[in-house]
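**Student:** Handing over final30.txt, compact mmCIF, C-alpha atoms and all ligand atoms.
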# COMPACT_ATOMS: atom_id res chain seq x y z
CA MET A 1 0.00 0.00 0.00
CA ASN A 2 1.47 3.35 -1.04
CA GLN A 3 1.52 6.32 1.32
CA PRO A 4 -0.67 9.18 0.07
CA ALA A 5 1.47 11.75 -1.78
CA ARG A 6 0.94 15.50 -1.91
CA LEU A 7 2.50 17.20 -4.91
CA ALA A 8 3.58 20.79 -5.42
CA VAL A 9 3.95 21.94 -9.02
CA PHE A 10 6.28 24.86 -9.82
CA LEU A 11 5.80 26.74 -13.10
CA SER A 12 6.81 30.05 -14.66
CA GLY A 13 4.51 30.56 -17.63
CA ASN A 14 1.97 28.89 -19.83
CA GLY A 15 1.50 25.75 -17.75
CA SER A 16 0.31 23.36 -20.46
CA ASN A 17 2.27 20.50 -18.86
CA ALA A 18 0.93 21.46 -15.47
CA GLU A 19 -2.63 21.29 -16.78
CA GLN A 20 -2.05 17.73 -18.02
CA ILE A 21 -0.80 16.87 -14.54
CA PHE A 22 -3.81 18.48 -12.81
CA SER A 23 -6.15 16.59 -15.09
CA HIS A 24 -4.36 13.25 -14.64
CA PHE A 25 -4.52 13.43 -10.84
CA THR A 26 -8.07 14.78 -10.50
CA ASN A 27 -9.91 12.31 -8.26
CA TYR A 28 -6.81 10.15 -8.06
CA PRO A 29 -7.03 8.27 -4.76
CA THR A 30 -3.45 8.43 -3.43
CA ILE A 31 -1.82 11.37 -5.24
CA THR A 32 -3.05 14.95 -4.85
CA VAL A 33 -1.76 18.12 -6.48
CA ALA A 34 -2.02 20.26 -3.37
CA LEU A 35 -0.19 23.45 -4.32
CA VAL A 36 0.93 25.29 -7.46
CA LEU A 37 3.67 27.87 -7.11
CA SER A 38 5.21 30.42 -9.44
CA ASN A 39 7.88 33.07 -9.51
CA ASN A 40 5.57 34.87 -11.95
CA PRO A 41 2.27 36.13 -10.50
CA GLY A 42 0.94 36.59 -14.06
CA ALA A 43 1.74 33.03 -15.16
CA PHE A 44 -1.17 31.55 -17.11
CA GLY A 45 -0.46 28.24 -15.39
CA LEU A 46 -1.76 29.73 -12.11
CA GLN A 47 -5.12 30.44 -13.75
CA ARG A 48 -5.21 26.87 -15.05
CA ALA A 49 -4.65 25.63 -11.48
CA GLN A 50 -7.44 27.79 -10.11
CA LYS A 51 -9.85 26.23 -12.60
CA PHE A 52 -9.01 22.89 -10.97
CA ASN A 53 -9.55 24.44 -7.52
CA ILE A 54 -5.90 23.96 -6.63
CA GLN A 55 -4.34 26.44 -4.23
CA THR A 56 -1.81 28.79 -5.89
CA LYS A 57 0.96 30.98 -4.57
CA ALA A 58 3.40 33.39 -6.21
CA PHE A 59 6.74 34.31 -4.69
CA ASN A 60 9.68 36.63 -5.20
CA LYS A 61 13.43 35.99 -5.12
CA ASN A 62 13.74 36.80 -1.44
CA GLN A 63 10.94 34.41 -0.46
CA PHE A 64 12.47 31.64 -2.55
CA TYR A 65 16.20 32.03 -1.92
CA GLU A 66 16.55 33.88 1.39
CA SER A 67 13.71 33.92 3.88
CA GLY A 68 12.50 30.33 3.61
CA VAL A 69 8.89 31.39 3.04
CA VAL A 70 8.40 28.99 0.12
CA LEU A 71 9.82 26.06 2.09
CA ASN A 72 7.45 26.89 4.93
CA TRP A 73 4.46 26.83 2.58
CA LEU A 74 5.53 23.40 1.36
CA LYS A 75 5.81 22.14 4.94
CA GLU A 76 2.47 23.63 5.96
CA GLU A 77 0.82 21.85 3.06
CA GLN A 78 2.65 18.60 3.91
CA ILE A 79 4.07 18.39 0.41
CA THR A 80 5.88 15.11 -0.24
CA HIS A 81 7.01 15.54 -3.86
CA ILE A 82 7.90 18.53 -6.06
CA VAL A 83 7.32 18.62 -9.81
CA LEU A 84 8.84 21.32 -12.03
CA ALA A 85 6.81 22.02 -15.17
CA GLY A 86 8.33 24.88 -17.13
CA PHE A 87 9.91 26.46 -14.04
CA LEU A 88 12.85 28.64 -14.96
CA TRP A 89 14.58 29.51 -11.70
CA MET A 90 17.36 27.45 -10.17
CA ILE A 91 16.17 25.43 -7.16
CA PRO A 92 17.90 26.56 -3.94
CA GLN A 93 20.07 24.13 -2.00
CA SER A 94 17.74 24.37 1.00
CA LEU A 95 14.87 22.93 -1.05
CA ILE A 96 17.02 20.16 -2.53
CA GLN A 97 18.13 19.21 0.98
CA ALA A 98 14.55 19.24 2.28
CA TYR A 99 13.36 17.03 -0.62
CA PRO A 100 16.27 14.76 -1.59
CA LYS A 101 15.36 12.68 -4.69
CA HIS A 102 11.84 14.06 -4.39
CA ILE A 103 12.07 16.83 -7.01
CA ILE A 104 11.77 16.18 -10.74
CA ASN A 105 11.93 18.33 -13.85
CA ILE A 106 11.05 17.94 -17.50
CA HIS A 107 13.42 19.24 -20.16
CA PRO A 108 12.42 19.59 -23.83
CA ALA A 109 15.47 17.81 -25.32
CA LEU A 110 17.57 14.70 -24.87
CA LEU A 111 19.88 15.63 -22.00
CA PRO A 112 22.82 15.90 -21.57
CA LYS A 113 22.58 17.64 -24.94
CA PHE A 114 20.95 21.07 -25.15
CA GLY A 115 20.73 21.55 -21.39
CA GLY A 116 22.19 23.95 -18.86
CA LYS A 117 21.45 27.46 -17.74
CA GLY A 118 19.54 29.58 -20.24
CA MET A 119 18.39 26.54 -22.23
CA TYR A 120 14.62 26.59 -22.14
CA GLY A 121 11.69 26.73 -24.48
CA SER A 122 12.37 27.87 -28.05
CA LYS A 123 16.12 28.29 -27.41
CA VAL A 124 16.42 24.54 -26.97
CA HIS A 125 14.60 23.76 -30.22
CA ALA A 126 16.58 26.41 -32.14
CA GLY A 127 19.75 24.76 -30.83
CA VAL A 128 18.59 21.32 -31.96
CA LYS A 129 17.79 22.67 -35.44
CA ALA A 130 21.08 24.58 -35.75
CA ALA A 131 23.05 21.49 -34.75
CA GLY A 132 21.39 19.44 -37.51
CA GLU A 133 20.14 16.79 -35.10
CA THR A 134 17.95 14.07 -36.61
CA LYS A 135 16.32 13.22 -33.28
CA THR A 136 15.20 15.16 -30.25
CA GLY A 137 12.79 14.44 -27.42
CA ILE A 138 12.14 14.90 -23.74
CA THR A 139 14.02 14.13 -20.56
CA ILE A 140 12.51 13.71 -17.11
CA HIS A 141 15.19 13.88 -14.42
CA GLU A 142 15.75 14.28 -10.71
CA VAL A 143 16.80 17.76 -9.68
CA ASN A 144 20.08 18.22 -7.89
CA GLU A 145 22.25 21.28 -7.28
CA LYS A 146 23.51 21.33 -10.89
CA TYR A 147 21.22 22.65 -13.61
CA ASP A 148 19.78 19.81 -15.76
CA GLU A 149 22.28 17.26 -14.42
CA GLY A 150 20.26 15.10 -12.02
CA LYS A 151 19.67 11.40 -12.61
CA ILE A 152 17.68 10.72 -15.77
CA ILE A 153 14.43 8.89 -15.04
CA PHE A 154 12.87 8.78 -18.50
CA GLN A 155 13.47 9.86 -22.09
CA ALA A 156 11.30 9.68 -25.21
CA ARG A 157 12.38 10.55 -28.73
CA CYS A 158 10.93 12.02 -31.90
CA GLU A 159 12.41 12.64 -35.32
CA VAL A 160 13.68 15.97 -36.56
CA LEU A 161 13.09 16.16 -40.32
CA PRO A 162 15.04 18.48 -42.64
CA GLU A 163 11.91 20.61 -43.15
CA ASP A 164 11.28 21.01 -39.41
CA THR A 165 11.54 24.47 -37.86
CA PRO A 166 12.10 25.28 -34.19
CA ASP A 167 8.32 25.80 -33.96
CA SER A 168 7.41 22.46 -35.51
CA ILE A 169 10.01 20.74 -33.32
CA ALA A 170 8.43 22.43 -30.29
CA LYS A 171 5.02 21.01 -31.21
CA LYS A 172 6.32 17.45 -31.51
CA VAL A 173 8.23 17.73 -28.24
CA GLN A 174 5.28 19.22 -26.42
CA ALA A 175 3.04 16.37 -27.57
CA LEU A 176 5.58 13.93 -26.10
CA GLU A 177 5.70 15.91 -22.86
CA HIS A 178 1.95 15.96 -22.47
CA SER A 179 1.52 12.26 -23.10
CA HIS A 180 4.40 11.11 -20.87
CA TYR A 181 4.93 13.51 -17.97
CA PRO A 182 1.79 12.76 -15.90
CA VAL A 183 2.24 8.99 -16.27
CA GLU A 184 5.93 9.16 -15.41
CA ILE A 185 5.18 11.32 -12.36
CA GLU A 186 2.71 8.68 -11.24
CA ARG A 187 5.29 5.93 -11.68
CA TRP A 188 7.99 7.97 -9.90
CA VAL A 189 5.78 8.78 -6.91
CA LYS A 190 4.72 5.15 -6.52
CA GLN A 191 8.17 3.59 -6.87
C1 LIG B 201 8.18 22.80 -21.52
O1 LIG B 201 8.49 22.47 -22.84
C2 LIG B 201 9.30 22.35 -20.61
O2 LIG B 201 9.94 21.19 -21.04
C3 LIG B 201 10.22 23.54 -20.69
O3 LIG B 201 9.38 24.65 -20.66
C4 LIG B 201 8.17 24.32 -21.33
C5 LIG B 201 7.01 24.79 -20.49
O4 LIG B 201 5.81 24.69 -21.21
N1 LIG B 201 11.17 23.54 -19.61
C6 LIG B 201 12.44 23.91 -19.79
O5 LIG B 201 12.87 24.30 -20.85
C7 LIG B 201 13.31 23.79 -18.54
N2 LIG B 201 14.69 23.98 -18.85
P1 LIG B 201 4.42 24.76 -20.45
O6 LIG B 201 4.48 25.96 -19.50
O7 LIG B 201 3.39 24.96 -21.51
O8 LIG B 201 4.24 23.48 -19.70
Show the structure stored in the file as structure tokens.
Ligand code: GAR
**Tutor:**
Amino acid sequence: MNQPARLAVFLSGNGSNAEQIFSHFTNYPTITVALVLSNNPGAFGLQRAQKFNIQTKAFNKNQFYESGVVLNWLKEEQITHIVLAGFLWMIPQSLIQAYPKHIINIHPALLPKFGGKGMYGSKVHAGVKAAGETKTGITIHEVNEKYDEGKIIFQARCEVLPEDTPDSIAKKVQALEHSHYPVEIERWVKQ
């Protein structure tokens, strides 16, 4: 019998992956998305969460990196696992220590390629195109103190055709993200 899990989802923008996660775990017996947090109070992903009646909070740099406010919110809500879904700030050491092996991220490429600081969204797909790659994909990985370098949990691939553009690559990758991330989160939480 698995212990009930309470997830916090961190996002910075659109939140299309987050929405897939909210939907997947609606009425799920042992896994609840309890809190959605963002560094960006205007993030569309927060509105998506509110439609699912999930509590949302926005925070600033001081609350995240200095004062411990965000960590306190997570403790108050008895969060057991943290999921990053398009979250663009580096996770502070204090959070990694409070949730060892309990934070995961999704990256829109096949790490270790096209990762690292500054590599997000369209920049990743433009890099893939410029490098002439014939395949790209998604990587789901544990978060440690080094950007995009935690243990890889899952990868899925798609083809990059000569006629593909960064935009068309983004669409293929996003489809992979949406179909795999919720299921892989479920598997990871239950392991
Ligand atoms: C996703 O493609 C995710 O992989 C990427 O941001 C996008 C967020 O989209 N994350 C990174 O690039 C992290 N380095 P969404 O807000 O619509 O889910």
**Student:** Give me, please, the distance in Å between atom CA of A:Ile169 and atom CA of A:His125, quoted to one decimal.
**Tutor:**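 A separation of 6.3 Å between them.
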**Student:** Atom CA of A:Gln97 and atom CA of A:Gly42 are how many Å apart?
**Tutor:**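 Atom CA of A:Gly42 lies 28.7 Å from atom CA of A:Gln97.
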**Student:** Give me the residues within 9 Å of stretch 101-109 of chain A as an MDAnalysis selection string, counting only C-alpha atoms and dropping any in the same chain fewer than 6 places off.
**Tutor:** chainID A and resid 80:87 95 115 120:121 124:125 128 136:144 148 150 153 155 157 170 173:174 177 181 185 189
**Student:** Take atom CA of A:Lys135 and atom N1 of ligand LIG 201 (chain B) and report the distance between them in Å, one decimal.
**Tutor:**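 Interatomic distance here is 17.9 Å.
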**Student:** Could you list, as a list in words, every residue within 10 Å of A:His178, counting only C-alpha atoms and ignoring same-chain residues fewer than 4 positions away?
**Tutor:**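 Skipping anything fewer than 4 positions along the chain leaves Ser16, Asn17, Ala18, Glu19, Gln20, Ile21, Val173, Gln174, Pro182 and Val183 of chain A.
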**Student:** Under the rule that only C-alpha atoms and all ligand atoms are counted, which of A:Cys158, A:Ala43, A:Leu37, A:Ile79 is the nearest residue to ligand LIG 201 (chain B)?
**Tutor:**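 Of A:Cys158, A:Ala43, A:Leu37, A:Ile79, the one nearest ligand LIG 201 (chain B), counting only C-alpha atoms and all ligand atoms, is A:Ala43.
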**Student:** Taking into account all atoms listed in the file, which residue in the set A:Leu71, A:Ala130, A:Ala98, A:Leu88 is nearest to ligand LIG 201 (chain B)?
**Tutor:**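 Closest to ligand LIG 201 (chain B) of all the choices is A:Leu88.
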**Student:** Within 10 Å of A:Thr134, counting all atoms listed in the file, which residues show up once you throw out same-chain ones fewer than 2 positions away? Write them as a PyMOL selection string, please.
**Tutor:** chain A and resi 128-129+131-132+136+158-162
**Student:** Name the closest residue to ligand LIG 201 (chain B) among the candidates A:Thr30, A:Ser122, A:Gln63, A:Ser179; distances are taken between atoms, counting only C-alpha atoms and all ligand atoms.
**Tutor:** A:Ser122
**Student:** Grab all the atoms of ligand LIG 201 (chain B) that the file lists, wrap them in a box along x, y and z, add 8 Å per side, and give me centre plus edge lengths in Å (one decimal) as AutoDock Vina command-line options.
**Tutor:**
--center_x 9.0 --center_y 23.6 --center_z -20.7 --size_x 27.3 --size_y 20.8 --size_z 20.3
**Student:** Of the candidates A:Lys51, A:Arg6, A:Lys117, A:Lys190, which one gets nearest to ligand LIG 201 (chain B) if we count all atoms listed in the file?
**Tutor:** A:Lys117
**Student:** Nearest residue to A:Arg187 out of A:Ser12, A:Phe154, A:Tyr65, A:Phe22, using only C-alpha atoms?
**Tutor:** A:Phe154
**Student:** Using all atoms listed in the file, which of the listed residues (A:Asn40, A:Gln93, A:Asn27, A:Gln191) sits closest to ligand LIG 201 (chain B)?
**Tutor:**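 Ranked by minimum distance to ligand LIG 201 (chain B), first place goes to A:Asn40.
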**Student:** Counting only C-alpha atoms, which residues come within 12 Å of (11.2, 34.8, -5.1), with the point read in the file's coordinates, and could you list them as a count of residues only?
**Tutor:** 26
